[in-house]
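Enquirer: Hey, dropping model_27.txt in here, compact mmCIF, C-alpha atoms and all ligand atoms:
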```
# COMPACT_ATOMS: atom_id res chain seq x y z
CA MET A 24 88.98 -84.19 -183.39
CA ASP A 25 90.94 -86.57 -185.61
CA SER A 26 92.43 -89.99 -185.05
CA ASP A 27 95.85 -88.35 -184.63
CA THR A 28 94.56 -86.62 -181.52
CA LEU A 29 93.51 -89.95 -180.13
CA ASP A 30 96.89 -91.50 -180.86
CA ARG A 31 98.63 -88.60 -179.19
CA ILE A 32 96.44 -88.97 -176.11
CA ARG A 33 97.25 -92.67 -175.96
CA SER A 34 100.94 -91.94 -176.27
CA ASN A 35 100.73 -89.54 -173.32
CA ASP A 36 101.44 -86.34 -175.23
CA HIS A 37 100.86 -83.68 -172.59
CA ARG A 38 100.29 -80.84 -175.05
CA THR A 39 97.48 -82.76 -176.68
CA LEU A 40 96.03 -83.61 -173.28
CA SER A 41 96.03 -79.95 -172.41
CA LYS A 42 94.37 -78.97 -175.68
CA VAL A 43 91.62 -81.56 -175.42
CA ILE A 44 90.95 -80.72 -171.78
CA SER A 45 90.55 -77.03 -172.71
CA GLN A 46 88.06 -78.07 -175.31
CA ILE A 47 86.08 -80.06 -172.75
CA GLU A 48 86.29 -77.17 -170.31
CA ASN A 49 84.93 -74.71 -172.88
CA ASP A 50 82.19 -77.07 -173.94
CA GLY A 51 83.61 -77.37 -177.42
CA ASN A 52 81.51 -79.66 -179.54
CA ILE A 53 83.33 -82.94 -179.19
CA PRO A 54 81.63 -85.73 -181.12
CA ASP A 55 80.34 -88.86 -179.38
CA SER A 56 82.59 -90.95 -181.60
CA PHE A 57 85.63 -89.39 -179.95
CA PHE A 58 84.48 -90.27 -176.44
CA LYS A 59 83.60 -93.73 -177.65
CA GLU A 60 87.20 -94.25 -178.75
CA VAL A 61 88.54 -92.74 -175.54
CA HIS A 62 86.32 -95.07 -173.57
CA THR A 63 87.62 -98.16 -175.30
CA SER A 64 91.22 -97.16 -174.68
CA GLU A 65 90.70 -96.34 -171.03
CA ASN A 66 93.22 -97.91 -168.74
CA GLN A 67 91.07 -97.82 -165.63
CA ALA A 68 93.13 -95.36 -163.65
CA ILE A 69 92.20 -95.24 -159.99
CA ARG A 70 90.38 -91.96 -159.36
CA ILE A 71 90.90 -90.23 -156.07
CA GLY A 72 88.94 -87.15 -154.99
CA ILE A 73 90.49 -84.76 -152.49
CA THR A 74 87.98 -82.37 -151.04
CA GLY A 75 87.53 -80.20 -147.98
CA PRO A 76 87.13 -76.61 -146.85
CA PRO A 77 89.18 -73.80 -148.45
CA GLY A 78 92.77 -73.67 -147.27
CA ALA A 79 92.70 -77.05 -145.50
CA GLY A 80 95.90 -78.12 -147.26
CA LYS A 81 94.44 -80.10 -150.16
CA SER A 82 96.99 -78.90 -152.70
CA THR A 83 99.93 -79.38 -150.36
CA LEU A 84 98.70 -82.90 -149.67
CA THR A 85 98.16 -83.58 -153.37
CA ASN A 86 101.76 -82.57 -153.96
CA ARG A 87 102.98 -84.99 -151.31
CA LEU A 88 100.86 -87.80 -152.70
CA ILE A 89 102.13 -87.18 -156.24
CA ARG A 90 105.64 -87.64 -154.89
CA LYS A 91 104.67 -90.89 -153.15
CA PHE A 92 102.98 -92.25 -156.25
CA ILE A 93 105.86 -91.49 -158.59
CA ASP A 94 108.38 -92.86 -156.11
CA ASN A 95 106.36 -96.08 -156.29
CA GLY A 96 106.52 -96.15 -160.07
CA LYS A 97 103.01 -94.79 -160.73
CA SER A 98 102.05 -92.00 -163.09
CA VAL A 99 99.60 -89.35 -161.93
CA GLY A 100 97.15 -86.92 -163.52
CA VAL A 101 95.76 -84.11 -161.38
CA VAL A 102 92.77 -81.88 -162.01
CA ALA A 103 92.32 -79.00 -159.59
CA VAL A 104 88.71 -77.96 -159.96
CA ASP A 105 88.06 -74.31 -159.34
CA PRO A 106 84.40 -73.47 -158.85
CA THR A 107 85.33 -69.94 -160.02
CA SER A 108 84.74 -68.31 -156.71
CA PRO A 109 86.62 -65.11 -155.93
CA PHE A 110 87.92 -66.83 -152.80
CA THR A 111 89.78 -69.61 -154.53
CA GLY A 112 91.02 -67.76 -157.60
CA GLY A 113 94.15 -66.45 -155.93
CA ALA A 114 94.97 -69.68 -154.14
CA LEU A 115 94.68 -71.60 -157.35
CA LEU A 116 97.30 -69.49 -158.97
CA GLY A 117 99.47 -70.45 -156.01
CA ASP A 118 98.69 -74.12 -156.67
CA ARG A 119 99.94 -73.82 -160.20
CA VAL A 120 103.21 -72.34 -159.08
CA ARG A 121 103.74 -74.91 -156.33
CA MET A 122 102.86 -77.82 -158.54
CA ASN A 123 105.13 -76.59 -161.29
CA ASN A 124 107.94 -78.83 -160.00
CA TYR A 125 106.63 -81.55 -162.24
CA ILE A 126 106.43 -79.65 -165.47
CA TRP A 127 109.17 -81.70 -167.13
CA ASN A 128 108.02 -85.00 -165.75
CA ASN A 129 106.06 -87.13 -168.21
CA ASN A 130 104.57 -89.16 -165.39
CA VAL A 131 102.81 -86.18 -163.86
CA PHE A 132 100.21 -84.05 -165.55
CA ILE A 133 98.52 -81.21 -163.65
CA ARG A 134 95.66 -79.03 -164.79
CA SER A 135 93.20 -76.68 -163.20
CA MET A 136 89.70 -76.41 -164.52
CA GLY A 137 87.02 -73.79 -163.98
CA SER A 138 83.28 -74.09 -164.05
CA HIS A 139 82.44 -70.83 -165.84
CA GLY A 140 79.53 -70.64 -163.45
CA ASP A 141 78.11 -73.94 -164.63
CA LEU A 142 78.53 -76.16 -161.60
CA GLY A 143 76.13 -78.75 -162.98
CA GLY A 144 78.27 -79.24 -166.06
CA LEU A 145 81.43 -79.36 -163.99
CA ALA A 146 80.81 -82.88 -162.69
CA ARG A 147 80.29 -84.14 -166.23
CA LYS A 148 83.38 -82.36 -167.52
CA THR A 149 85.50 -83.65 -164.65
CA GLN A 150 84.47 -87.19 -165.56
CA ASP A 151 85.38 -86.60 -169.19
CA VAL A 152 88.77 -85.20 -168.21
CA GLY A 153 89.29 -88.23 -165.96
CA ASP A 154 88.66 -90.46 -168.98
CA ILE A 155 91.18 -88.55 -171.07
CA LEU A 156 93.85 -88.82 -168.37
CA SER A 157 93.04 -92.47 -167.93
CA ALA A 158 93.35 -93.07 -171.67
CA SER A 159 96.77 -91.41 -171.61
CA GLY A 160 97.89 -94.26 -169.37
CA LYS A 161 97.99 -92.50 -166.01
CA ASP A 162 97.73 -94.99 -163.14
CA VAL A 163 96.15 -92.51 -160.76
CA VAL A 164 93.88 -89.53 -161.37
CA ILE A 165 93.52 -87.06 -158.51
CA ILE A 166 90.69 -84.54 -158.48
CA GLU A 167 91.09 -81.70 -156.02
CA THR A 168 88.01 -79.67 -155.31
CA VAL A 169 86.90 -77.24 -152.62
CA GLY A 170 84.08 -78.82 -150.67
CA VAL A 171 81.64 -76.03 -150.01
CA GLY A 172 78.47 -76.89 -151.88
CA GLN A 173 76.44 -79.44 -153.73
CA GLY A 174 78.13 -78.86 -157.08
CA GLU A 175 81.50 -79.66 -155.59
CA HIS A 176 80.09 -82.70 -153.87
CA ASP A 177 78.93 -83.95 -157.23
CA VAL A 178 82.49 -83.57 -158.44
CA ALA A 179 83.67 -85.52 -155.42
CA LYS A 180 81.33 -88.33 -156.40
CA ALA A 181 83.09 -88.66 -159.74
CA VAL A 182 85.81 -90.82 -158.17
CA ASP A 183 86.58 -94.24 -156.73
CA LEU A 184 87.74 -92.96 -153.38
CA THR A 185 86.99 -89.64 -151.71
CA LEU A 186 89.40 -88.25 -149.20
CA VAL A 187 88.03 -85.43 -147.07
CA VAL A 188 90.64 -83.06 -145.66
CA LEU A 189 89.71 -81.23 -142.47
CA VAL A 190 91.64 -79.04 -140.04
CA PRO A 191 91.33 -78.78 -136.25
CA GLU A 192 89.27 -75.62 -136.74
CA SER A 193 86.81 -77.32 -139.10
CA GLY A 194 84.17 -77.23 -136.41
CA ASP A 195 82.09 -79.63 -134.42
CA GLU A 196 80.16 -82.64 -135.58
CA ILE A 197 77.00 -80.72 -136.34
CA GLN A 198 78.80 -78.32 -138.65
CA LEU A 199 80.50 -81.18 -140.45
CA MET A 200 77.20 -82.97 -140.92
CA LYS A 201 75.59 -79.80 -142.21
CA ALA A 202 78.39 -79.26 -144.69
CA GLY A 203 77.60 -82.74 -146.03
CA LEU A 204 81.25 -83.74 -145.80
CA ILE A 205 80.60 -86.74 -143.57
CA GLU A 206 78.61 -88.80 -146.03
CA ILE A 207 80.91 -88.27 -149.01
CA GLY A 208 84.18 -89.34 -147.34
CA ASP A 209 85.67 -92.81 -147.79
CA MET A 210 88.52 -91.65 -145.60
CA PHE A 211 89.28 -88.56 -143.57
CA VAL A 212 92.43 -86.57 -142.98
CA ILE A 213 92.81 -84.09 -140.19
CA ASN A 214 95.56 -81.90 -141.51
CA LYS A 215 97.47 -79.18 -139.65
CA SER A 216 97.65 -81.62 -136.77
CA ASP A 217 100.50 -79.48 -135.46
CA ARG A 218 97.69 -77.27 -134.15
CA ASP A 219 95.56 -77.61 -131.02
CA GLY A 220 92.41 -79.66 -131.18
CA ALA A 221 93.57 -82.19 -133.81
CA GLY A 222 93.41 -85.14 -131.41
CA ARG A 223 90.00 -84.10 -130.12
CA LEU A 224 88.54 -83.74 -133.61
CA ALA A 225 89.99 -87.12 -134.62
CA GLN A 226 88.31 -88.75 -131.61
CA SER A 227 84.91 -87.20 -132.14
CA LEU A 228 85.07 -87.83 -135.88
CA LYS A 229 85.87 -91.49 -135.32
CA SER A 230 82.98 -91.99 -132.91
CA MET A 231 80.64 -90.13 -135.24
CA LEU A 232 81.70 -92.25 -138.22
CA HIS A 233 81.26 -95.34 -136.09
CA THR A 234 77.70 -94.31 -135.21
CA PHE A 235 76.68 -93.26 -138.70
CA THR A 236 78.22 -95.98 -140.84
CA ASN A 237 75.48 -98.34 -141.94
CA LYS A 238 75.83 -102.05 -141.33
CA GLY A 239 77.70 -103.77 -144.11
CA LYS A 240 79.44 -100.53 -145.15
CA LEU A 241 83.11 -99.79 -144.51
CA GLU A 242 83.82 -97.45 -141.66
CA PRO A 243 86.01 -94.64 -143.05
CA PRO A 244 89.44 -94.48 -141.41
CA VAL A 245 90.72 -91.21 -139.95
CA PHE A 246 94.33 -90.00 -140.29
CA ASN A 247 96.22 -87.12 -138.74
CA THR A 248 98.75 -85.27 -140.88
CA SER A 249 100.84 -82.13 -141.00
CA VAL A 250 101.45 -82.13 -144.70
CA ASP A 251 103.44 -78.95 -144.45
CA ARG A 252 106.00 -80.79 -142.34
CA ASN A 253 105.65 -84.04 -144.27
CA GLU A 254 104.24 -85.77 -141.18
CA GLY A 255 101.75 -88.62 -141.42
CA ILE A 256 101.98 -88.91 -145.22
CA LEU A 257 103.35 -92.43 -145.30
CA ASP A 258 100.61 -93.73 -142.97
CA LEU A 259 98.01 -91.98 -145.07
CA TYR A 260 99.44 -93.29 -148.33
CA ASN A 261 99.58 -96.86 -147.01
CA GLY A 262 96.10 -96.53 -145.50
CA MET A 263 94.74 -95.37 -148.83
CA ASN A 264 96.22 -98.29 -150.74
CA GLU A 265 94.96 -100.68 -148.08
CA LEU A 266 91.46 -99.23 -148.31
CA LEU A 267 91.48 -99.46 -152.10
CA LYS A 268 92.40 -103.12 -151.83
CA VAL A 269 89.54 -103.82 -149.43
CA MET A 270 87.13 -101.84 -151.61
CA GLU A 271 88.13 -103.90 -154.58
CA LYS A 272 87.81 -107.19 -152.74
CA GLU A 273 84.40 -106.29 -151.35
CA GLY A 274 83.08 -105.26 -154.75
CA ILE A 275 82.71 -101.64 -153.65
CA LEU A 276 84.92 -100.25 -156.40
CA ILE A 277 82.97 -101.92 -159.17
CA GLN A 278 79.69 -100.77 -157.60
CA LYS A 279 80.98 -97.19 -157.53
CA GLN A 280 81.96 -97.46 -161.17
CA LEU A 281 78.52 -98.73 -162.09
CA ASP A 282 76.82 -95.95 -160.11
CA ARG A 283 79.03 -93.44 -161.85
CA HIS A 284 78.12 -94.83 -165.22
CA ARG A 285 74.42 -94.52 -164.46
CA ASN A 286 74.87 -90.97 -163.18
CA ARG A 287 76.81 -89.94 -166.22
CA VAL A 288 74.16 -91.15 -168.63
CA TYR A 289 71.58 -89.33 -166.54
CA ASN A 290 73.60 -86.10 -166.51
CA ILE A 291 74.43 -86.17 -170.19
CA ILE A 292 70.76 -86.55 -171.08
CA GLN A 293 69.77 -83.80 -168.68
CA ASP A 294 72.39 -81.44 -170.11
CA ARG A 295 71.44 -82.18 -173.69
CA LEU A 296 67.71 -81.78 -173.13
CA LEU A 297 68.22 -78.48 -171.35
CA LYS A 298 70.52 -77.19 -174.02
CA LYS A 299 68.05 -78.16 -176.70
CA PHE A 300 65.15 -76.59 -174.86
CA TRP A 301 66.71 -73.22 -174.04
CA THR A 302 67.00 -71.85 -177.56
CA GLN A 303 67.56 -68.12 -177.92
CA GLU A 304 63.91 -67.79 -178.87
CA ARG A 305 62.71 -69.37 -175.63
CA LEU A 306 65.17 -67.39 -173.56
CA ASP A 307 63.75 -64.25 -175.23
CA GLN A 308 60.20 -65.37 -174.53
CA LEU A 309 61.06 -65.86 -170.89
CA GLU A 310 62.63 -62.40 -170.73
CA ILE A 311 59.55 -60.82 -172.34
CA SER A 312 57.24 -62.63 -169.98
CA ILE A 313 59.03 -61.32 -166.91
CA ASN A 314 59.38 -57.82 -168.22
CA HIS A 315 56.10 -56.58 -166.86
CA LEU A 316 55.17 -55.83 -163.33
CA ASP A 317 51.94 -57.78 -163.75
CA THR A 318 53.99 -60.92 -164.50
CA ILE A 319 54.25 -61.32 -160.77
CA GLN A 320 50.53 -62.08 -160.89
CA THR A 321 51.10 -65.04 -163.20
CA SER A 322 52.37 -68.07 -161.38
CA PRO A 323 55.79 -69.37 -162.47
CA HIS A 324 54.15 -72.76 -162.98
CA GLU A 325 51.86 -71.21 -165.55
CA VAL A 326 54.72 -69.53 -167.41
CA ALA A 327 56.68 -72.78 -167.46
CA THR A 328 53.70 -74.73 -168.73
CA SER A 329 53.13 -72.23 -171.48
CA LEU A 330 56.80 -72.34 -172.58
CA LEU A 331 56.75 -76.13 -172.52
CA LYS A 332 53.53 -76.17 -174.53
CA LYS A 333 55.10 -73.96 -177.17
CA ALA A 334 57.97 -76.43 -177.30
CA HIS A 335 55.58 -79.11 -178.48
CA GLU A 336 53.83 -76.98 -181.08
N1 LIG B 401 100.32 -75.19 -139.98
C1 LIG B 401 100.14 -75.90 -141.08
N2 LIG B 401 99.90 -75.27 -142.26
C2 LIG B 401 99.70 -76.01 -143.35
C3 LIG B 401 99.74 -77.44 -143.31
N3 LIG B 401 99.48 -77.90 -144.54
C4 LIG B 401 99.28 -76.83 -145.34
N4 LIG B 401 99.42 -75.69 -144.63
C5 LIG B 401 99.31 -74.32 -145.15
O1 LIG B 401 97.96 -74.02 -145.40
C6 LIG B 401 97.84 -73.13 -146.51
C7 LIG B 401 96.84 -73.65 -147.51
O2 LIG B 401 97.36 -74.82 -148.12
P1 LIG B 401 96.82 -75.35 -149.51
O3 LIG B 401 97.48 -76.65 -149.75
O4 LIG B 401 96.91 -74.31 -150.56
O5 LIG B 401 95.29 -75.57 -149.15
P2 LIG B 401 94.09 -75.93 -150.13
O6 LIG B 401 93.15 -76.72 -149.32
O7 LIG B 401 94.59 -76.51 -151.39
O8 LIG B 401 93.48 -74.49 -150.41
P3 LIG B 401 92.36 -74.10 -151.52
O9 LIG B 401 92.67 -74.84 -152.78
O10 LIG B 401 92.52 -72.64 -151.63
O11 LIG B 401 91.04 -74.49 -150.92
C8 LIG B 401 99.25 -72.99 -147.08
O12 LIG B 401 99.79 -71.78 -146.62
C9 LIG B 401 99.98 -74.17 -146.49
O13 LIG B 401 101.36 -73.92 -146.37
C10 LIG B 401 100.02 -78.07 -142.06
O14 LIG B 401 100.07 -79.30 -141.92
N5 LIG B 401 100.20 -77.26 -140.98
MG MG B 402 94.17 -75.99 -153.40
```
Represent the structure from my file as structure tokens, please.
Ligand SMILES: Nc1nc2c(ncn2[C@@H]2O[C@H](COP(=O)(O)OP(=O)(O)OP(=O)(O)O)[C@@H](O)[C@H]2O)c(=O)[nH]1
Ligand SMILES: [Mg+2]

Expert:
Amino acid sequence: MDSDTLDRIRSNDHRTLSKVISQIENDGNIPDSFFKEVHTSENQAIRIGITGPPGAGKSTLTNRLIRKFIDNGKSVGVVAVDPTSPFTGGALLGDRVRMNNYIWNNNVFIRSMGSHGDLGGLARKTQDVGDILSASGKDVVIIETVGVGQGEHDVAKAVDLTLVVLVPESGDEIQLMKAGLIEIGDMFVINKSDRDGAGRLAQSLKSMLHTFTNKGKLEPPVFNTSVDRNEGILDLYNGMNELLKVMEKEGILIQKQLDRHRNRVYNIIQDRLLKKFWTQERLDQLEISINHLDTIQTSPHEVATSLLKKAHE
């Protein structure tokens, strides 16, 4: 990683962006000094997370929002995070094709990123990629991720504003609560509102959000869209900008950024300690210790303690 690379990132060279992002994705050893430089040249892009169940219309919506942003003179970087599940693999390929419209546009950069099975690391990597896109001068960074589990929720937390996309079939309140989508959303979109049940879900969602929003917190707004038909996009776009303004005024944005900073330090240390601990030798020791039927007799706590003890010898 040389200073040329940094200059090329700052001058919005998309090929360099792509190369560096691959390196982050593959856990290439990028020195701290590089991230330090990236950090100082960050332009504070607004980071928007778009999450929701598979097939809810997140990519179609992202496409519409890209159009709105560039029509308003903003540049956009998009990361579509693929938790490498067999269910999203095919759809993601579709995303790439659909989002290809912007390939020659210097104000739009789109990338997908996989987890290689390491969901924990994905949140950290997504943050790093966000920094790179921010340093390239993008005004807005959009992170699309399928909201199905904790790992993806962590990714959703890597942003300033989380938009949860639901569809009329997304289920009742209890299911939504269970999926953990309620507490991560700063705003909600009920897409495919051309279908039955959209009005009903919007109503029950609104009353649920009203009940569950703590005093002093902002109550997340709910929008209905049919992104396929380009309906409701303008309201949503305006609503999002309005919400960002309020969040800034109320000090919520800065608080989120501080929380993120704390989390990142925490995650980086956790990742590094784990990596350092699990040397090939220790992995081998673990394998040996579970290779006997009588291992079952030894408590996992005991095995862990013994491995940890060896670490200090
Ligand atoms: N009826 C209807 N279909 C829609 C609407 N918006 C999107 N779709 C369709 O829903 C399908 C899924 O859309 P995507 O944008 O790929 O959804 P996604 O949430 O990105 O999907 P994953 O990334 O696979 O989770 C596509 O066939 C869209 O054409 C809508 O408003 N109404
Ligand atoms: Mg998608």

Enquirer: Report, in Å with one decimal, the straight-line distance from CA of Tyr260 in chain A to CA of Asn66 in chain A.

Expert: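 Between CA of Tyr260 in chain A and CA of Asn66 in chain A the gap is 21.8 Å.
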
Enquirer: To one decimal in Å, tell me the separation between CA of Leu224 in chain A and CA of Val245 in chain A.

Expert: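 Separation of CA of Leu224 in chain A and CA of Val245 in chain A: 10.0 Å.
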
Enquirer: Counting all atoms listed in the file, what is within 7 Å of Phe211 in chain A, bar same-chain residues fewer than 4 positions away, as a PyMOL selection string?

Expert: chain A and resi 186-188+243-246

Enquirer: Restricted to C-alpha atoms, what would the selected residues look like written as a CSV table (one decimal), in the frame of the given file?

Expert:
```csv
chain,number,residue,atom,x,y,z
A,186,LEU,CA,89.4,-88.2,-149.2
A,187,VAL,CA,88.0,-85.4,-147.1
A,188,VAL,CA,90.6,-83.1,-145.7
A,243,PRO,CA,86.0,-94.6,-143.0
A,244,PRO,CA,89.4,-94.5,-141.4
A,245,VAL,CA,90.7,-91.2,-140.0
A,246,PHE,CA,94.3,-90.0,-140.3
```

Enquirer: So, counting all atoms listed in the file, which residue among A:Ser26, A:Thr74, A:Thr149, A:Asn52 is closest to ligand MG 402 (chain B)?

Expert: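 Once distances to ligand MG 402 (chain B) are computed over all atoms listed in the file, the minimum belongs to A:Thr74.
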
Enquirer: What is the CA of Glu254 in chain A to atom O14 of ligand LIG 401 (chain B) distance in Å?

Expert: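 Going from CA of Glu254 in chain A over to atom O14 of ligand LIG 401 (chain B) covers 7.7 Å.
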
Enquirer: Ligand LIG 401 (chain B): which residues are within 6 Å, counting all atoms listed in the file, as a VMD selection string?

Expert: chain A and resid 77 to 83 111 114 to 115 169 214 to 215 217 249 to 251

Enquirer: Ranking A:Asn35, A:Asn237, A:Gln46, A:Ser135 by minimum distance to ligand MG 402 (chain B) and counting only C-alpha atoms and all ligand atoms, which one comes first?

Expert: A:Ser135

Enquirer: Any idea what's packed within 10 Å of Phe300 in chain A, counting all atoms listed in the file, ignoring anything in its chain fewer than 5 positions away? Could you give it as an mmCIF file with C-alpha atoms, keeping the file's coordinate frame?

Expert:
```cif
data_model
loop_
_atom_site.group_PDB
_atom_site.id
_atom_site.type_symbol
_atom_site.label_atom_id
_atom_site.label_comp_id
_atom_site.auth_asym_id
_atom_site.auth_seq_id
_atom_site.Cartn_x
_atom_site.Cartn_y
_atom_site.Cartn_z
ATOM 1 C CA ASP A 294 72.390 -81.440 -170.110
ATOM 2 C CA ARG A 295 71.440 -82.180 -173.690
ATOM 3 C CA ARG A 305 62.710 -69.370 -175.630
ATOM 4 C CA LEU A 306 65.170 -67.390 -173.560
ATOM 5 C CA LEU A 330 56.800 -72.340 -172.580
ATOM 6 C CA LEU A 331 56.750 -76.130 -172.520
ATOM 7 C CA ALA A 334 57.970 -76.430 -177.300
#
```
